[in-house]
$ cat upload04.tsv   # TSV, C-alpha atoms and all ligand atoms
chain	number	residue	atom	x	y	z
B	1	MET	CA	-5.41	26.71	23.56
B	2	SER	CA	-4.34	25.87	20.03
B	3	GLN	CA	-0.83	26.86	19.03
B	4	LEU	CA	1.87	25.72	16.63
B	5	VAL	CA	4.84	24.10	18.33
B	6	ARG	CA	8.11	22.93	16.83
B	7	VAL	CA	8.34	19.14	16.99
B	8	GLY	CA	11.45	18.51	14.88
B	9	ASP	CA	13.37	19.32	11.74
B	10	VAL	CA	12.23	18.81	8.15
B	11	ALA	CA	15.48	16.97	7.46
B	12	GLU	CA	14.29	14.20	9.79
B	13	VAL	CA	11.40	13.33	7.45
B	14	PRO	CA	12.66	12.89	3.87
B	15	PRO	CA	10.10	12.58	1.05
B	16	GLY	CA	8.34	9.21	1.11
B	17	THR	CA	8.80	8.66	4.84
B	18	GLY	CA	7.04	9.21	8.13
B	19	LYS	CA	8.29	9.80	11.65
B	20	ALA	CA	6.70	10.13	15.08
B	21	PHE	CA	7.27	13.14	17.30
B	22	PRO	CA	6.00	13.85	20.81
B	23	LEU	CA	3.35	16.57	21.00
B	24	GLY	CA	2.17	17.24	24.52
B	25	SER	CA	0.57	14.08	25.88
B	26	LEU	CA	0.43	12.30	22.52
B	27	ASP	CA	2.57	11.50	19.50
B	28	VAL	CA	2.04	12.84	16.02
B	29	ALA	CA	3.06	11.02	12.86
B	30	VAL	CA	4.49	13.44	10.31
B	31	PHE	CA	4.59	12.20	6.72
B	32	ASN	CA	6.41	13.78	3.80
B	33	ILE	CA	4.53	13.24	0.55
B	34	GLY	CA	6.52	14.75	-2.28
B	35	GLY	CA	7.78	17.57	-0.11
B	36	GLU	CA	4.41	18.34	1.49
B	37	LEU	CA	4.05	17.48	5.17
B	38	HIS	CA	0.96	15.96	6.78
B	39	ALA	CA	0.47	15.30	10.49
B	40	LEU	CA	-1.80	12.65	12.01
B	41	GLU	CA	-2.17	11.36	15.53
B	42	ASN	CA	0.27	8.45	15.79
B	43	ALA	CA	-2.46	6.05	16.86
B	44	CYS	CA	-4.47	3.84	14.55
B	45	PRO	CA	-8.21	3.96	15.37
B	46	HIS	CA	-8.34	0.14	15.30
B	47	GLN	CA	-6.14	-0.74	18.29
B	48	GLY	CA	-3.73	2.17	18.53
B	49	GLY	CA	-0.97	0.95	16.22
B	50	PRO	CA	1.93	3.36	15.60
B	51	ILE	CA	0.93	4.61	12.17
B	52	ALA	CA	4.28	6.43	11.70
B	53	GLU	CA	5.93	2.99	11.49
B	54	GLY	CA	3.55	1.87	8.76
B	55	TRP	CA	4.34	1.14	5.16
B	56	LEU	CA	3.98	4.31	3.07
B	57	GLU	CA	3.15	4.08	-0.63
B	58	GLY	CA	2.36	7.44	-2.17
B	59	PRO	CA	-0.08	9.11	0.26
B	60	ILE	CA	-1.37	5.80	1.66
B	61	VAL	CA	0.01	4.41	4.90
B	62	THR	CA	-0.63	0.85	6.00
B	63	CYS	CA	-0.81	0.33	9.76
B	64	PRO	CA	2.03	-1.96	10.87
B	65	TRP	CA	-0.21	-3.95	13.23
B	66	HIS	CA	-3.18	-5.20	11.18
B	67	ALA	CA	-2.84	-3.44	7.83
B	68	TRP	CA	-5.68	-0.94	7.92
B	69	CYS	CA	-4.86	1.72	5.29
B	70	PHE	CA	-5.26	5.48	5.55
B	71	ASP	CA	-4.75	8.44	3.27
B	72	VAL	CA	-2.33	10.65	5.22
B	73	ARG	CA	-3.70	13.75	3.46
B	74	SER	CA	-7.17	13.31	4.94
B	75	GLY	CA	-6.68	10.81	7.76
B	76	LYS	CA	-9.50	8.75	6.22
B	77	MET	CA	-9.47	4.99	5.93
B	78	THR	CA	-9.21	4.00	2.29
B	79	LEU	CA	-11.67	1.08	2.36
B	80	GLY	CA	-14.61	3.02	3.76
B	81	ASP	CA	-15.55	6.18	5.55
B	82	PHE	CA	-15.99	4.64	8.98
B	83	ALA	CA	-12.62	5.31	10.56
B	84	ARG	CA	-10.40	8.34	10.55
B	85	ILE	CA	-7.22	9.45	12.24
B	86	ALA	CA	-7.15	12.93	13.73
B	87	ARG	CA	-5.25	15.42	11.58
B	88	PHE	CA	-3.19	18.34	12.78
B	89	ALA	CA	-2.25	21.49	10.92
B	90	VAL	CA	1.45	21.46	10.09
B	91	LYS	CA	3.80	24.03	8.60
B	92	VAL	CA	7.48	24.40	7.89
B	93	GLN	CA	9.47	27.40	8.97
B	94	ASP	CA	13.26	27.84	9.04
B	95	GLY	CA	13.77	24.11	8.57
B	96	GLY	CA	11.54	23.24	11.51
B	97	ILE	CA	8.29	21.28	11.57
B	98	TYR	CA	5.52	23.07	13.45
B	99	VAL	CA	2.36	21.19	14.41
B	100	ASP	CA	-0.82	22.57	15.94
B	101	THR	CA	-1.45	21.32	19.47
B	102	GLU	CA	-5.15	20.77	18.68
B	103	PRO	CA	-6.49	18.41	16.00
B	104	MET	CA	-8.43	19.83	13.09
B	105	PRO	CA	-12.16	19.92	13.80
B	106	GLU	CA	-13.78	17.59	11.29
B	107	ALA	CA	-16.63	15.11	11.31
B	108	ILE	CA	-16.41	11.55	10.08
B	201	LIG	S1	-4.01	-1.23	15.14
B	201	LIG	FE1	-3.93	-0.47	13.12
B	201	LIG	S2	-4.88	-1.97	11.94
B	201	LIG	FE2	-4.99	-2.72	13.96

$ encode --input "upload04.tsv" --output "structure tokens"
Amino acid sequence: MSQLVRVGDVAEVPPGTGKAFPLGSLDVAVFNIGGELHALENACPHQGGPIAEGWLEGPIVTCPWHAWCFDVRSGKMTLGDFARIARFAVKVQDGGIYVDTEPMPEAI
């Protein structure tokens, strides 16, 4: 069942950064883009690279393993619409980061 769970504190993810947090059986990568948080599964669709450790420039993160690039706001690959990272609803409350346990339902 889908529910929001606290994964960490907003202070752990300053603007312009990303950080991985455990969420059940997987990790989520939470990115702070100008004060707005976005959560993606912390697994690149290419070979599972830890996207939270990628290079973040604006809303675009570059996978640290083989440099595929994704828009963290949509989870979509920037070079074409053939790969996407699962997104999770995220909200901030009382300084905490809350992420939905189920990914957003969306088609490629
Ligand atoms: S695992 Fe991300 S680009 Fe290869």

$ atom_distance --input "upload04.tsv" --atom1 "CA of Ala89 (chain B)" --atom2 "CA of Arg73 (chain B)"
10.8 Å

$ closest_residue --input "upload04.tsv" --among "B:Asp81, B:Glu53, B:Asp100, B:Asp94" --to "ligand LIG 201 (chain B)" --atoms "only C-alpha atoms and all ligand atoms"
B:Glu53

$ residues_around --input "upload04.tsv" --residues "Ile51 (chain B)" --least-positions-apart "4" --cutoff "7 Å" --atoms "all atoms listed in the file" --output "ChimeraX atom specification"
/B:29,42-44,63-64

$ residues_around --input "upload04.tsv" --residues "Asp9 (chain B)" --least-positions-apart "6" --cutoff "9 Å" --atoms "all atoms listed in the file" --output "MDAnalysis selection string"
chainID B and resid 92 94:98

$ closest_atom_pairs --input "upload04.tsv" --of "chain B" --to "ligand LIG 201 (chain B)" --cutoff "10 Å" --atoms "all atoms listed in the file" --output "JSON lines"
{"residue": "B:Ala43", "atom": "CA", "partner": "B:LIG201", "partner_atom": "S1", "distance": 7.6}
{"residue": "B:Cys44", "atom": "CA", "partner": "B:LIG201", "partner_atom": "FE1", "distance": 4.6}
{"residue": "B:Pro45", "atom": "CA", "partner": "B:LIG201", "partner_atom": "FE1", "distance": 6.6}
{"residue": "B:His46", "atom": "CA", "partner": "B:LIG201", "partner_atom": "S1", "distance": 4.5}
{"residue": "B:Gln47", "atom": "CA", "partner": "B:LIG201", "partner_atom": "S1", "distance": 3.8}
{"residue": "B:Gly48", "atom": "CA", "partner": "B:LIG201", "partner_atom": "S1", "distance": 4.8}
{"residue": "B:Gly49", "atom": "CA", "partner": "B:LIG201", "partner_atom": "S1", "distance": 3.9}
{"residue": "B:Pro50", "atom": "CA", "partner": "B:LIG201", "partner_atom": "FE1", "distance": 7.4}
{"residue": "B:Ile51", "atom": "CA", "partner": "B:LIG201", "partner_atom": "FE1", "distance": 7.1}
{"residue": "B:Gly54", "atom": "CA", "partner": "B:LIG201", "partner_atom": "FE1", "distance": 9.0}
{"residue": "B:Thr62", "atom": "CA", "partner": "B:LIG201", "partner_atom": "S2", "distance": 7.8}
{"residue": "B:Cys63", "atom": "CA", "partner": "B:LIG201", "partner_atom": "FE1", "distance": 4.7}
{"residue": "B:Pro64", "atom": "CA", "partner": "B:LIG201", "partner_atom": "FE1", "distance": 6.5}
{"residue": "B:Trp65", "atom": "CA", "partner": "B:LIG201", "partner_atom": "FE2", "distance": 5.0}
{"residue": "B:His66", "atom": "CA", "partner": "B:LIG201", "partner_atom": "S2", "distance": 3.7}
{"residue": "B:Ala67", "atom": "CA", "partner": "B:LIG201", "partner_atom": "S2", "distance": 4.8}
{"residue": "B:Trp68", "atom": "CA", "partner": "B:LIG201", "partner_atom": "S2", "distance": 4.2}
{"residue": "B:Cys69", "atom": "CA", "partner": "B:LIG201", "partner_atom": "S2", "distance": 7.6}
{"residue": "B:Phe70", "atom": "CA", "partner": "B:LIG201", "partner_atom": "FE1", "distance": 9.7}

$ closest_residue --input "upload04.tsv" --among "B:Pro105, B:Gly80, B:Gly8, B:Gly75" --to "Leu40 (chain B)" --atoms "only C-alpha atoms"
B:Gly75

$ atom_distance --input "upload04.tsv" --atom1 "CA of Glu106 (chain B)" --atom2 "CA of Ala11 (chain B)"
29.5 Å

$ closest_residue --input "upload04.tsv" --among "B:Val28, B:Met1, B:Met77, B:Ile33" --to "Pro14 (chain B)" --atoms "only C-alpha atoms"
B:Ile33

$ residues_around --input "upload04.tsv" --residues "Gly34 (chain B)" --least-positions-apart "3" --cutoff "10 Å" --atoms "only C-alpha atoms" --output "MDAnalysis selection string"
chainID B and resid 14:17 31 37 58:59

$ closest_residue --input "upload04.tsv" --among "B:Val72, B:Val90, B:Ala52, B:Val61" --to "Lys19 (chain B)" --atoms "all atoms listed in the file"
B:Ala52

$ closest_residue --input "upload04.tsv" --among "B:Leu79, B:Glu41, B:Leu4, B:Gly35" --to "Ala20 (chain B)" --atoms "all atoms listed in the file"
B:Glu41

$ atom_distance --input "upload04.tsv" --atom1 "CA of Arg6 (chain B)" --atom2 "CA of Gly18 (chain B)"
16.3 Å

$ residues_around --input "upload04.tsv" --residues "Phe88 (chain B)" --least-positions-apart "6" --cutoff "8 Å" --atoms "all atoms listed in the file" --output "PDB file with C-alpha atoms, in the coordinates of the input"
ATOM      1  CA  HIS B  38       0.960  15.960   6.780  1.00  0.00           C
ATOM      2  CA  ALA B  39       0.470  15.300  10.490  1.00  0.00           C
ATOM      3  CA  LEU B  40      -1.800  12.650  12.010  1.00  0.00           C
ATOM      4  CA  GLU B  41      -2.170  11.360  15.530  1.00  0.00           C
ATOM      5  CA  VAL B  99       2.360  21.190  14.410  1.00  0.00           C
ATOM      6  CA  ASP B 100      -0.820  22.570  15.940  1.00  0.00           C
ATOM      7  CA  THR B 101      -1.450  21.320  19.470  1.00  0.00           C
ATOM      8  CA  GLU B 102      -5.150  20.770  18.680  1.00  0.00           C
ATOM      9  CA  PRO B 103      -6.490  18.410  16.000  1.00  0.00           C
ATOM     10  CA  MET B 104      -8.430  19.830  13.090  1.00  0.00           C
TER      11      MET B 104
END

$ closest_residue --input "upload04.tsv" --among "B:Val30, B:Phe82, B:Glu36, B:Gly24" --to "Glu12 (chain B)" --atoms "all atoms listed in the file"
B:Val30

$ decode --input "upload04.tsv" --residues "region 22-34 of chain B" --atoms "N, CA, C and O atoms" --output "compact mmCIF listing (two decimals), in the first residue's frame"
# COMPACT_ATOMS: atom_id res chain seq x y z
N PRO B 22 17.59 5.05 2.04
CA PRO B 22 16.88 3.78 1.92
C PRO B 22 15.38 3.99 2.00
O PRO B 22 14.90 4.83 2.77
N LEU B 23 14.66 3.22 1.17
CA LEU B 23 13.19 3.27 1.18
C LEU B 23 12.71 1.83 0.95
O LEU B 23 12.67 1.36 -0.18
N GLY B 24 12.40 1.15 2.03
CA GLY B 24 12.02 -0.25 1.91
C GLY B 24 13.16 -1.05 1.34
O GLY B 24 14.30 -0.98 1.82
N SER B 25 12.90 -1.78 0.26
CA SER B 25 13.91 -2.66 -0.33
C SER B 25 14.77 -1.96 -1.37
O SER B 25 15.62 -2.60 -1.99
N LEU B 26 14.55 -0.66 -1.59
CA LEU B 26 15.37 0.05 -2.57
C LEU B 26 15.89 1.35 -1.99
O LEU B 26 15.63 1.68 -0.83
N ASP B 27 16.66 2.06 -2.81
CA ASP B 27 17.15 3.39 -2.42
C ASP B 27 16.48 4.42 -3.32
O ASP B 27 16.25 4.17 -4.50
N VAL B 28 16.21 5.58 -2.73
CA VAL B 28 15.72 6.69 -3.55
C VAL B 28 16.79 7.78 -3.54
O VAL B 28 17.47 7.99 -2.53
N ALA B 29 16.91 8.44 -4.68
CA ALA B 29 17.81 9.58 -4.82
C ALA B 29 16.96 10.83 -4.71
O ALA B 29 16.05 11.04 -5.53
N VAL B 30 17.21 11.64 -3.70
CA VAL B 30 16.47 12.88 -3.52
C VAL B 30 17.36 14.03 -3.97
O VAL B 30 18.51 14.15 -3.51
N PHE B 31 16.84 14.85 -4.89
CA PHE B 31 17.58 15.99 -5.42
C PHE B 31 16.88 17.28 -5.01
O PHE B 31 15.65 17.35 -5.00
N ASN B 32 17.69 18.28 -4.69
CA ASN B 32 17.15 19.60 -4.35
C ASN B 32 17.50 20.56 -5.48
O ASN B 32 18.67 20.91 -5.68
N ILE B 33 16.47 20.95 -6.23
CA ILE B 33 16.66 21.87 -7.35
C ILE B 33 16.04 23.20 -6.95
O ILE B 33 14.82 23.36 -6.98
N GLY B 34 16.86 24.12 -6.53
CA GLY B 34 16.38 25.44 -6.14
C GLY B 34 15.37 25.41 -5.01
O GLY B 34 14.45 26.24 -4.99
